[in-house]
Amino acid sequence: MRRVILSQGETFSNDHLQRTSAFNAGALEAATNIVARVREEGDAALRDLTAKFDGVEIEDFRVSQEAIDAAIAQIDPHLQKSLAQAARQIREFHERQKQQSWFSVRADGALVGSKVEPIESVGIYAPGGRALYPSTVLMNAIPAHVAGVSRIALCTPP
């Protein structure tokens with residue numbers, strides 16, 4: 001905590017806080033360059049950047065069904081039960097949020113309304129590293145599924 005001592009009659013202002021901005025221009029520039037490179041070079045840039053930042057050489061970005069099945073087989077039954085319960089609760093919550101399209105014809109003959117339609121595809125990100133975040137996957141994928149999104153792509157660090 002920092003104390004700000006004002007002189008008699010002095011008015012407090014943001015200048016007294018001497019804060020540096022939370023905005024990091026260098027980080028924004030680096031991210032912009034990464035996005036531009038991936039747009040230009042595609043998967044080749046992703047492979048190079050993954051090797052550079054994560055120290056991992058990747059051939060195929062898609063996890064095989066065999067690897068998924070093997071991982072599922074290793075989940076502790078108690079954890080699996082907890083995740084299933086969480087998934088049910090998340091689904092139930094978001095089912096209640098669903099909106100429906102509606103249309104009406106006004107007295108003057110004008111058609112008014114709102115059309116609710118899911119987007120075709122979404123990408124979700126689950127952080128990785130030393131911790132696992134299955135709740136992040138559930139809380140992002142389930143609402144998308146409930147909304148009717150037909151393609152959900154999950155990305156995570158290697």
# chains A, B, ... in the order shown; residues from 1 in each chain; ligands from 1

$ residues_around --residues "A:Val149" --least-positions-apart "4" --cutoff "10 Å" --atoms "only C-alpha atoms" --output "list in words"
Glu117, Pro118, Ile119, Glu120, Ser121, Val122, Ala141, Ile142, Pro143, Ala144 and His145 of chain A

$ residues_around --residues "A:Ser104" --least-positions-apart "3" --cutoff "6 Å" --atoms "only C-alpha atoms" --output "JSON, numbers by chain"
{"A": [111, 112, 113]}

$ atom_distance --atom1 "atom CA of A:Thr156" --atom2 "atom CA of A:Asp60"
13.5 Å

$ select_by_dssp --residues "chain A" --states "strand (DSSP E or B)" --output "mmCIF file with C-alpha atoms, in the first residue's frame"
data_model
loop_
_atom_site.group_PDB
_atom_site.id
_atom_site.type_symbol
_atom_site.label_atom_id
_atom_site.label_comp_id
_atom_site.auth_asym_id
_atom_site.auth_seq_id
_atom_site.Cartn_x
_atom_site.Cartn_y
_atom_site.Cartn_z
ATOM 1 C CA TRP A 102 -39.496 -14.373 -32.719
ATOM 2 C CA PHE A 103 -41.329 -12.445 -35.380
ATOM 3 C CA SER A 104 -44.421 -10.323 -35.393
ATOM 4 C CA VAL A 105 -46.400 -8.351 -37.951
ATOM 5 C CA LEU A 111 -42.491 -7.594 -40.107
ATOM 6 C CA VAL A 112 -40.373 -7.126 -36.977
ATOM 7 C CA GLY A 113 -38.523 -9.563 -34.816
ATOM 8 C CA SER A 114 -35.280 -11.159 -33.857
ATOM 9 C CA SER A 121 -17.690 -22.633 -35.548
ATOM 10 C CA VAL A 122 -15.966 -21.462 -32.373
ATOM 11 C CA GLY A 123 -12.477 -21.786 -30.985
ATOM 12 C CA ILE A 124 -11.874 -22.202 -27.277
ATOM 13 C CA TYR A 125 -8.614 -22.072 -25.361
ATOM 14 C CA ARG A 151 -17.849 -27.141 -34.782
ATOM 15 C CA ILE A 152 -15.898 -26.484 -31.593
ATOM 16 C CA ALA A 153 -12.097 -26.397 -31.816
ATOM 17 C CA LEU A 154 -10.132 -26.621 -28.558
ATOM 18 C CA CYS A 155 -6.578 -25.298 -28.407
#

$ residues_around --residues "A:Gln89" --least-positions-apart "6" --cutoff "12 Å" --atoms "only C-alpha atoms" --output "tab-separated table (two decimals) with N, CA, C and O atoms, in the first residue's frame"
chain	number	residue	atom	x	y	z
A	82	SER	N	-17.27	-36.41	-10.90
A	82	SER	CA	-17.37	-34.98	-10.59
A	82	SER	C	-17.49	-34.14	-11.86
A	82	SER	O	-18.29	-33.20	-11.91
A	83	LEU	N	-16.69	-34.47	-12.85
A	83	LEU	CA	-16.75	-33.73	-14.12
A	83	LEU	C	-18.10	-33.94	-14.81
A	83	LEU	O	-18.65	-33.00	-15.39
A	95	GLU	N	-29.01	-24.19	-20.82
A	95	GLU	CA	-30.27	-24.50	-21.51
A	95	GLU	C	-31.31	-23.44	-21.16
A	95	GLU	O	-32.14	-23.07	-22.00
A	96	ARG	N	-31.26	-22.95	-19.94
A	96	ARG	CA	-32.24	-21.94	-19.51
A	96	ARG	C	-31.94	-20.56	-20.10
A	96	ARG	O	-32.80	-19.69	-20.09
A	135	SER	N	-12.40	-27.60	-16.05
A	135	SER	CA	-13.57	-26.73	-15.86
A	135	SER	C	-13.63	-25.66	-16.95
A	135	SER	O	-14.70	-25.29	-17.40
A	138	LEU	N	-15.16	-27.31	-19.95
A	138	LEU	CA	-16.60	-27.50	-19.75
A	138	LEU	C	-17.36	-26.19	-19.87
A	138	LEU	O	-18.40	-26.11	-20.53
A	139	MET	N	-16.83	-25.13	-19.23
A	139	MET	CA	-17.56	-23.86	-19.20
A	139	MET	C	-17.51	-23.09	-20.51
A	139	MET	O	-18.22	-22.10	-20.67
A	142	ILE	N	-19.51	-26.46	-23.42
A	142	ILE	CA	-20.92	-26.81	-23.21
A	142	ILE	C	-21.85	-25.69	-23.64
A	142	ILE	O	-22.82	-25.95	-24.36
A	143	PRO	N	-21.62	-24.43	-23.25
A	143	PRO	CA	-22.51	-23.36	-23.74
A	143	PRO	C	-22.53	-23.26	-25.26
A	143	PRO	O	-23.59	-23.02	-25.85

$ select_by_dssp --residues "stretch 22-156 of chain A" --states "helix (DSSP H, G or I)" --output "VMD selection string"
chain A and resid 25 to 41 43 to 54 65 to 73 77 to 95 134 to 147

$ decode --residues "stretch 51-65 of chain A" --atoms "all heavy atoms" --output "PDB file, in the first residue's frame"
ATOM      1  N   ALA A  51       7.816 -24.349 -31.331  1.00  0.00           N
ATOM      2  CA  ALA A  51       9.182 -24.774 -31.001  1.00  0.00           C
ATOM      3  C   ALA A  51       9.917 -23.664 -30.250  1.00  0.00           C
ATOM      4  O   ALA A  51      10.603 -23.918 -29.253  1.00  0.00           O
ATOM      5  CB  ALA A  51       9.935 -25.156 -32.267  1.00  0.00           C
ATOM      6  N   LYS A  52       9.733 -22.440 -30.699  1.00  0.00           N
ATOM      7  CA  LYS A  52      10.428 -21.306 -30.086  1.00  0.00           C
ATOM      8  C   LYS A  52       9.943 -21.035 -28.661  1.00  0.00           C
ATOM      9  O   LYS A  52      10.745 -20.890 -27.743  1.00  0.00           O
ATOM     10  CB  LYS A  52      10.216 -20.049 -30.953  1.00  0.00           C
ATOM     11  CG  LYS A  52      10.824 -18.787 -30.378  1.00  0.00           C
ATOM     12  CD  LYS A  52      10.539 -17.607 -31.296  1.00  0.00           C
ATOM     13  CE  LYS A  52      11.083 -16.307 -30.693  1.00  0.00           C
ATOM     14  NZ  LYS A  52      10.796 -15.150 -31.565  1.00  0.00           N
ATOM     15  N   PHE A  53       8.617 -20.949 -28.482  1.00  0.00           N
ATOM     16  CA  PHE A  53       8.079 -20.548 -27.176  1.00  0.00           C
ATOM     17  C   PHE A  53       7.855 -21.713 -26.214  1.00  0.00           C
ATOM     18  O   PHE A  53       7.961 -21.546 -25.009  1.00  0.00           O
ATOM     19  CB  PHE A  53       6.761 -19.783 -27.355  1.00  0.00           C
ATOM     20  CG  PHE A  53       6.933 -18.450 -28.035  1.00  0.00           C
ATOM     21  CD1 PHE A  53       6.207 -18.142 -29.169  1.00  0.00           C
ATOM     22  CD2 PHE A  53       7.827 -17.501 -27.547  1.00  0.00           C
ATOM     23  CE1 PHE A  53       6.366 -16.916 -29.803  1.00  0.00           C
ATOM     24  CE2 PHE A  53       7.991 -16.278 -28.169  1.00  0.00           C
ATOM     25  CZ  PHE A  53       7.255 -15.988 -29.299  1.00  0.00           C
ATOM     26  N   ASP A  54       7.508 -22.881 -26.753  1.00  0.00           N
ATOM     27  CA  ASP A  54       7.182 -24.028 -25.894  1.00  0.00           C
ATOM     28  C   ASP A  54       8.266 -25.093 -25.877  1.00  0.00           C
ATOM     29  O   ASP A  54       8.205 -26.024 -25.075  1.00  0.00           O
ATOM     30  CB  ASP A  54       5.853 -24.662 -26.337  1.00  0.00           C
ATOM     31  CG  ASP A  54       4.682 -23.701 -26.218  1.00  0.00           C
ATOM     32  OD1 ASP A  54       4.579 -23.042 -25.167  1.00  0.00           O
ATOM     33  OD2 ASP A  54       3.886 -23.599 -27.158  1.00  0.00           O
ATOM     34  N   GLY A  55       9.213 -24.992 -26.795  1.00  0.00           N
ATOM     35  CA  GLY A  55      10.271 -25.994 -26.853  1.00  0.00           C
ATOM     36  C   GLY A  55       9.774 -27.358 -27.298  1.00  0.00           C
ATOM     37  O   GLY A  55      10.348 -28.380 -26.940  1.00  0.00           O
ATOM     38  N   VAL A  56       8.717 -27.371 -28.103  1.00  0.00           N
ATOM     39  CA  VAL A  56       8.107 -28.626 -28.546  1.00  0.00           C
ATOM     40  C   VAL A  56       8.001 -28.623 -30.072  1.00  0.00           C
ATOM     41  O   VAL A  56       7.547 -27.654 -30.668  1.00  0.00           O
ATOM     42  CB  VAL A  56       6.692 -28.799 -27.933  1.00  0.00           C
ATOM     43  CG1 VAL A  56       6.022 -30.045 -28.441  1.00  0.00           C
ATOM     44  CG2 VAL A  56       6.764 -28.808 -26.415  1.00  0.00           C
ATOM     45  N   GLU A  57       8.438 -29.724 -30.674  1.00  0.00           N
ATOM     46  CA  GLU A  57       8.293 -29.901 -32.115  1.00  0.00           C
ATOM     47  C   GLU A  57       6.958 -30.607 -32.361  1.00  0.00           C
ATOM     48  O   GLU A  57       6.717 -31.682 -31.816  1.00  0.00           O
ATOM     49  CB  GLU A  57       9.437 -30.755 -32.668  1.00  0.00           C
ATOM     50  CG  GLU A  57      10.824 -30.164 -32.443  1.00  0.00           C
ATOM     51  CD  GLU A  57      11.110 -28.961 -33.333  1.00  0.00           C
ATOM     52  OE1 GLU A  57      10.543 -28.890 -34.438  1.00  0.00           O
ATOM     53  OE2 GLU A  57      11.907 -28.104 -32.913  1.00  0.00           O
ATOM     54  N   ILE A  58       6.112 -30.017 -33.193  1.00  0.00           N
ATOM     55  CA  ILE A  58       4.789 -30.587 -33.448  1.00  0.00           C
ATOM     56  C   ILE A  58       4.626 -30.860 -34.934  1.00  0.00           C
ATOM     57  O   ILE A  58       4.898 -29.986 -35.766  1.00  0.00           O
ATOM     58  CB  ILE A  58       3.677 -29.631 -32.975  1.00  0.00           C
ATOM     59  CG1 ILE A  58       3.654 -29.594 -31.458  1.00  0.00           C
ATOM     60  CG2 ILE A  58       2.327 -30.039 -33.522  1.00  0.00           C
ATOM     61  CD1 ILE A  58       2.478 -28.912 -30.855  1.00  0.00           C
ATOM     62  N   GLU A  59       4.204 -32.069 -35.250  1.00  0.00           N
ATOM     63  CA  GLU A  59       3.896 -32.414 -36.633  1.00  0.00           C
ATOM     64  C   GLU A  59       2.414 -32.187 -36.905  1.00  0.00           C
ATOM     65  O   GLU A  59       2.042 -31.489 -37.823  1.00  0.00           O
ATOM     66  CB  GLU A  59       4.273 -33.876 -36.911  1.00  0.00           C
ATOM     67  CG  GLU A  59       5.754 -34.103 -37.070  1.00  0.00           C
ATOM     68  CD  GLU A  59       6.360 -33.306 -38.225  1.00  0.00           C
ATOM     69  OE1 GLU A  59       5.760 -33.290 -39.319  1.00  0.00           O
ATOM     70  OE2 GLU A  59       7.412 -32.688 -38.023  1.00  0.00           O
ATOM     71  N   ASP A  60       1.567 -32.809 -36.081  1.00  0.00           N
ATOM     72  CA  ASP A  60       0.114 -32.752 -36.284  1.00  0.00           C
ATOM     73  C   ASP A  60      -0.519 -32.029 -35.101  1.00  0.00           C
ATOM     74  O   ASP A  60      -0.319 -32.421 -33.952  1.00  0.00           O
ATOM     75  CB  ASP A  60      -0.446 -34.180 -36.400  1.00  0.00           C
ATOM     76  CG  ASP A  60      -1.881 -34.208 -36.869  1.00  0.00           C
ATOM     77  OD1 ASP A  60      -2.469 -33.124 -37.098  1.00  0.00           O
ATOM     78  OD2 ASP A  60      -2.433 -35.310 -37.000  1.00  0.00           O
ATOM     79  N   PHE A  61      -1.261 -30.987 -35.378  1.00  0.00           N
ATOM     80  CA  PHE A  61      -1.895 -30.222 -34.301  1.00  0.00           C
ATOM     81  C   PHE A  61      -3.117 -30.935 -33.720  1.00  0.00           C
ATOM     82  O   PHE A  61      -3.499 -30.681 -32.598  1.00  0.00           O
ATOM     83  CB  PHE A  61      -2.314 -28.836 -34.816  1.00  0.00           C
ATOM     84  CG  PHE A  61      -1.138 -27.966 -35.138  1.00  0.00           C
ATOM     85  CD1 PHE A  61      -0.813 -27.688 -36.454  1.00  0.00           C
ATOM     86  CD2 PHE A  61      -0.358 -27.432 -34.138  1.00  0.00           C
ATOM     87  CE1 PHE A  61       0.270 -26.881 -36.757  1.00  0.00           C
ATOM     88  CE2 PHE A  61       0.731 -26.627 -34.428  1.00  0.00           C
ATOM     89  CZ  PHE A  61       1.046 -26.348 -35.741  1.00  0.00           C
ATOM     90  N   ARG A  62      -3.720 -31.792 -34.493  1.00  0.00           N
ATOM     91  CA  ARG A  62      -4.914 -32.497 -34.032  1.00  0.00           C
ATOM     92  C   ARG A  62      -4.499 -33.691 -33.183  1.00  0.00           C
ATOM     93  O   ARG A  62      -3.662 -34.489 -33.576  1.00  0.00           O
ATOM     94  CB  ARG A  62      -5.744 -32.975 -35.219  1.00  0.00           C
ATOM     95  CG  ARG A  62      -7.065 -33.609 -34.821  1.00  0.00           C
ATOM     96  CD  ARG A  62      -7.848 -34.037 -36.045  1.00  0.00           C
ATOM     97  NE  ARG A  62      -8.188 -32.889 -36.875  1.00  0.00           N
ATOM     98  CZ  ARG A  62      -9.352 -32.260 -36.804  1.00  0.00           C
ATOM     99  NH1 ARG A  62     -10.272 -32.655 -35.976  1.00  0.00           N
ATOM    100  NH2 ARG A  62      -9.597 -31.234 -37.594  1.00  0.00           N
ATOM    101  N   VAL A  63      -5.106 -33.810 -32.001  1.00  0.00           N
ATOM    102  CA  VAL A  63      -4.844 -34.948 -31.118  1.00  0.00           C
ATOM    103  C   VAL A  63      -5.624 -36.143 -31.673  1.00  0.00           C
ATOM    104  O   VAL A  63      -6.802 -36.034 -31.998  1.00  0.00           O
ATOM    105  CB  VAL A  63      -5.289 -34.640 -29.671  1.00  0.00           C
ATOM    106  CG1 VAL A  63      -5.086 -35.836 -28.762  1.00  0.00           C
ATOM    107  CG2 VAL A  63      -4.531 -33.418 -29.142  1.00  0.00           C
ATOM    108  N   SER A  64      -4.956 -37.272 -31.769  1.00  0.00           N
ATOM    109  CA  SER A  64      -5.601 -38.460 -32.337  1.00  0.00           C
ATOM    110  C   SER A  64      -6.684 -38.995 -31.402  1.00  0.00           C
ATOM    111  O   SER A  64      -6.630 -38.801 -30.184  1.00  0.00           O
ATOM    112  CB  SER A  64      -4.561 -39.565 -32.572  1.00  0.00           C
ATOM    113  OG  SER A  64      -4.122 -40.093 -31.327  1.00  0.00           O
ATOM    114  N   GLN A  65      -7.652 -39.668 -31.980  1.00  0.00           N
ATOM    115  CA  GLN A  65      -8.717 -40.270 -31.183  1.00  0.00           C
ATOM    116  C   GLN A  65      -8.141 -41.310 -30.224  1.00  0.00           C
ATOM    117  O   GLN A  65      -8.621 -41.463 -29.100  1.00  0.00           O
ATOM    118  CB  GLN A  65      -9.787 -40.906 -32.090  1.00  0.00           C
ATOM    119  CG  GLN A  65     -11.020 -41.364 -31.328  1.00  0.00           C
ATOM    120  CD  GLN A  65     -11.721 -40.209 -30.608  1.00  0.00           C
ATOM    121  OE1 GLN A  65     -12.016 -39.178 -31.194  1.00  0.00           O
ATOM    122  NE2 GLN A  65     -11.988 -40.382 -29.320  1.00  0.00           N
TER     123      GLN A  65
END
